[in-house]
Structure formats: structure tokens, C-alpha cells
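**Student:** After the C-alpha cells below, expect a handful of questions from me.
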Amino acid sequence: MAVAKATRGEERWDYASDAQTLDVLDVLREESASLALAALTSVDPGETIVATVARVTETLGSAPWRTAGELLDRALCDPRLSEVTPGRALDAQAALLTGMTFARDVSIWVSPAGRKPELVASSGHGAGHGAASSTRPTAIRTIQSGERSRSGLRKVTLSLPVGLLGLPYGAIVIRGIDPLILDSVEKLAVQVVPRFVTTLERHRLLERNEAREHLLVQAAERRLVRIGYDLHDGPLQSIAGLAREIELVAADLTPLVGPAARHSVAQAFDGLVENLGQLEASLRATAQSFETTAVRREPLETLFRREAESLTRTHAIEVDLTIDDGVDNLTESQAIALYRATQEALSNVREHSDASRVEIRVTRSRGATHLMISDNGRGFEAAERIAAAAGEGRLGIVGICERVKLLGGVFHITSSPGSGTTLKVALAHWAPPVGD
């Protein structure tokens with residue numbers, strides 16, 4: 001008989017097979033990875049979880065609860081859970097715990113800074129609103145006491161505290177447990193609670209960053225609105241006055257010019273007035289684009305198409321625009337950031353690139369929304385130009401980068417002389433806590 005052994009912590013797990021030596025770690029790693037994928041992609045991964053535990057138990061010749069603990073422990077910290085938003089990762093972790101414990105549902109609660117507990121994730125047949133209304137009192141008691149508890153007779157509710165940095169922070173409530181397996185479920189749950197802590201900490205940091213960047217974005221938008229008002233009350237009024245003065249000068253001067261030149265002089269004055277009108281329209285459009293209410297009021301796709309059409313109309317630059325469905329599920333701050341990034345990028349295309357074509361892509365992946373803007377212009381030395389712009393206080397590309405960083409996103413630009421420029425932005429999906 002061949003024996004393969006895996007060690008975790010201070011415990012030693014022995015598995016044996018009459019047929020061959022099993023690589024226990026590989027089996028556990030592969031099966032736990034499939035469980036994590038099922039939890040992320042399936043509406044109800046319960047059947048997959050049960051089947052997987054049964055299959056691995058038979059393969060390894062181990063006790064079912066021991067196998068479940070090993071698989072759950074690994075699946076809860078699968079790397080793919082760190083690639084999605086904390087809320088989605090917590091939902092997947094709740095689904096894994098629900099399936100492994102044969103429970104009715106699992107809900108995860110947090111109480112940051114002593115505030116009223118919030119439901120951040122749930123899974124199972126009683127999840128969602130049912131969990132929010134039924135398990136909140138249990139979660140409150142658990143968070144306040146810092147002790148795990150049991151309640152119910154025919155179907156038991158088990159509540160476990162979750163701490164951060166040694167202080168009470170949240171609770172995991174497991175409802176509908178068969179009393180015959182309660183002790184095994186509790187042992188399993190206690191074993192894996194630490195795996196939830198990392199995701200909850202990521203959730204806490206993202207929530208804090210969301211609140212901070214909201215204030216910063218509001219301040220930046222107020223400044224842009226102020227600039228818009230200044231344009232309206234200053235340069236736009238001056239342009240209107242200048243156009244009127246030119247018309248008066250033309251009216252006074254034209255009769256003094258000889259008949260042969262009178263038509264040419266009139267045309268010249270008309271051209272000046274027309275150019276001032278175009279300048280006024282351009283500045284007025286710029287001032288209106290600073291209005292944050294436009295971003296809040298209209299779908300993001302409408303705003304992007306308007307910018308693209310403006311570039312084509314005023315500079316004869318072809319724009320290929322593609323936007324995935326669902327991009328309007330961004331937060332207000334994220335939508336503003338993508339819109340401002342697009343405005344700045346297209347402004348650079350107009351003023352500096354000599355491009356004839358621009359490609360804009362707004363796409364959604366499993367965990368993020370991506371913006372890509374690429375032109376076929378003359379390009380530049382990206383690193384040198386950005387460093388120089390930052391040193392000179394010019395905020396264009398640097399401003400985009402800062403906006404994206406405030407949102408915890410990623411900004412990347414590639415360019416070189418003669419090869420055009422590509423700007424990319426990625427913003428992680430953010431969803432507010434579930435519940436009331």
C-alpha cells in the first residue's frame with residue numbers, strides 16, 4: 001500500500017490508495033479551484049460542491065468532513081476571488097460555505113466603526129431580503145458579544161463573530177443546519193472564518209476609498225463647474241461684445257471704402273464675425289462639458305457618442321466607438337472619471353496628434369470596466385512628456401492618472417514617435433452593500 005501525506009498547520013492528514021500513490025496536494029488544489037470557479041459563475045453551486053466532496057472523499061479515502069474542510073479552506077482563498085470585487089468574492093465565499101454545510105443560507109454582516117450592521121453578502125435559498133430581515137438581530141448580538149451562538153431546534157442557526165485587528169467587526173450567520181451535523185458544521189466554520197477576514201478587509205478598504213474619492217471628485221467637479229461659469233461670464237461675454245464692435249466698425253468703415261474694394265472689405269469683416277462665432281460656440285460647448293449634471297443626467301454612451309461626433313465634425317477625424325452593454329452600472333464617480341479621461345484624450349488628439357482615426361473601446365470584464373483610446377497620430381515619448389507635463393503643472397494626462405488612482409484603478413499609456421498613442425484605464429466594479 002502506498003501512502004501520500006499532506007500537512008496543514010500542526011495537523012497531519014494521511015490518505016492511502018491500494019492502486020497508486022496519490023498526489024494529495026494536486027488533487028485538493030485542482031478540486032478546490034473548480035469549486036471556486038463554480039461559486040463565481042454558478043447561480044447555485046450546491047450540487048457541484050456536494051458532488052466534488054463525495055468524489056474527493058472516495059478518491060482519497062478520507063473522512064467526508066475532513067475532505068470538506070480541506071477543500072473549503074483552499075477554495076475560500078483561491079486567487080480568482082481576489083480578481084473580482086470584494087462583494088462578489090464574499091458572495092462566492094458564502095455560496096461555498098452554504099454548500100459545504102448543507103445549510104439553508106449563509107449571510108455575512110459587517111458593522112464598521114460601530115455603525116448599524118450591513119449585509120454585505122448572502123447565499124442560499126433564504127438569501128437576500130429574507131436574510132436581511134431575519135438574521136440582522138442575530139448578527140447584532142454576535143457582533144456585540146464577540147461570541148459564537150446557536151439557536152433553534154429542528155433547524156439550527158449558527159452565528160460566528162469576525163474580528164479585524166483584534167476588534168469586533170462582523171458576523172457570519174449560517175441558517176437551517178441539521179442538528180445531527182451541527183458539531184461538524186461548527187468545527188468546519190470555525191476553521192475557515194479566518195479566510196473571510198482578508199476579503200472583508202479588502203471590502204473595508206474599498207468602501208473607505210469610495211467615500212474618500214467621492215469627496216475628492218466632488219471637489220474637482222465643483223472646480224470644473226466654476227471654470228465653466230468663469231468662461232460664460234468672462235471670455236464668452238467678451239467675444240460677444242467684440243463681435244458687436246466689429247459689426248459697428250464694419251458699418252462705419254465700409255461706406256468710406258471705394259466701390260472696388262467695398263465687397264472684399266465687407267467679406268473680411270463677415271469672416272471675422274463668423275470666426276468669432278465659431279470660437280464662441282467652441283468655448284460654450286467646453287463650458288457646458290464641465291457641467292457634472294450632464295454626466296449624471298445622460299447615459300454614458302450618449303456622452304461618448306457626442307464627444308466622438310464633435311471630433312469628427314470639427315476636425316474630420318474618423319472615430320470608431322464601441323461600448324459594451326452595462327457600462328452605466330458604474331458609480332457616479334467612475335462614470336465621471338471615464339468621461340473626463342475621454343474628453344482629455346480627445347482634446348490631445350485634436351491639438352497634438354495629427355491623427356486621422358481614433359478608436360474608442362469601453363468594455364466590461366468579470367471584475368472591471370476598461371476604457372481604451374487609440375489613435376494613429378504621430379505619437380510622442382510618453383515617459384518624457386508626462387514627466388515634463390507634471391513638472392510644468394499641466395494637468396491633462398497627469399490629471400487623468402490622478403483621477404483613476406483615486407478610484408483605485410489602473411492607468412496606462414503607450415506611445416512613441418510615429419506609432420500613435422494608446423491610453424488604457426481599468427476601474428474595478430464597485431457595488432454598494434446589500435440590505436437596508
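Ordering of the C-alpha cells sets the chain letters (A, B, ...); residue numbers start at 1 within each chain; ligands are numbered from 1 in the order shown.
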Stretch 35-256 of chain A: which residues are alpha helix (DSSP H) by DSSP, as a PyMOL selection string?
**Tutor:** chain A and resi 35-41+46-60+64-75+86-101+129-134+136-145+182-233+235-253
**Student:** Using only C-alpha atoms, determine which residues lie at most 8 Å from A:Val327, disregarding the query and same-chain residues fewer than 5 positions distant; provide the list as a PDB file with C-alpha atoms, in the first residue's frame.
**Tutor:**
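Output file part_5.pdb is given in full below:
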ATOM      1  CA  LEU A 300     -22.512  57.319 -20.616  1.00  0.00           C
ATOM      2  CA  VAL A 362     -15.448  50.713 -23.416  1.00  0.00           C
ATOM      3  CA  THR A 363     -15.687  47.086 -22.313  1.00  0.00           C
ATOM      4  CA  ARG A 364     -16.635  45.111 -19.222  1.00  0.00           C
ATOM      5  CA  THR A 369     -14.667  48.251 -16.762  1.00  0.00           C
TER       6      THR A 369
END
**Student:** Figure out the distance between atom CA of A:Asp105 and atom CA of A:Ser42, please, to one decimal in Å.
**Tutor:**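 Those two atoms sit 15.6 Å apart.
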**Student:** Any idea what the distance is between atom CA of A:Arg136 and atom CA of A:Thr98?
**Tutor:**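 Going from atom CA of A:Arg136 over to atom CA of A:Thr98, I get 17.8 Å.
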**Student:** Write out as a ChimeraX atom specification each polymer residue whose atoms come within 12 Å of stretch 137-141 of chain A, counting only C-alpha atoms; drop sequence neighbours fewer than 4 positions from it.
**Tutor:** /A:106-111,114-119,131-133,145-152,157-162,168-175
**Student:** Could you work out how far atom CA of A:Arg357 lies from atom CA of A:Asp320, giving the answer in Å with one decimal?
**Tutor:**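 Between atom CA of A:Asp320 and atom CA of A:Arg357 the gap works out to 7.8 Å.
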**Student:** Compare A:Gln267, A:Gln93, A:Arg204, A:Glu351 by their minimum atom-to-atom distance to A:Pro112, counting only C-alpha atoms, and give me the closest one.
**Tutor:**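 Checking each candidate against A:Pro112, we get A:Arg204 as the closest.
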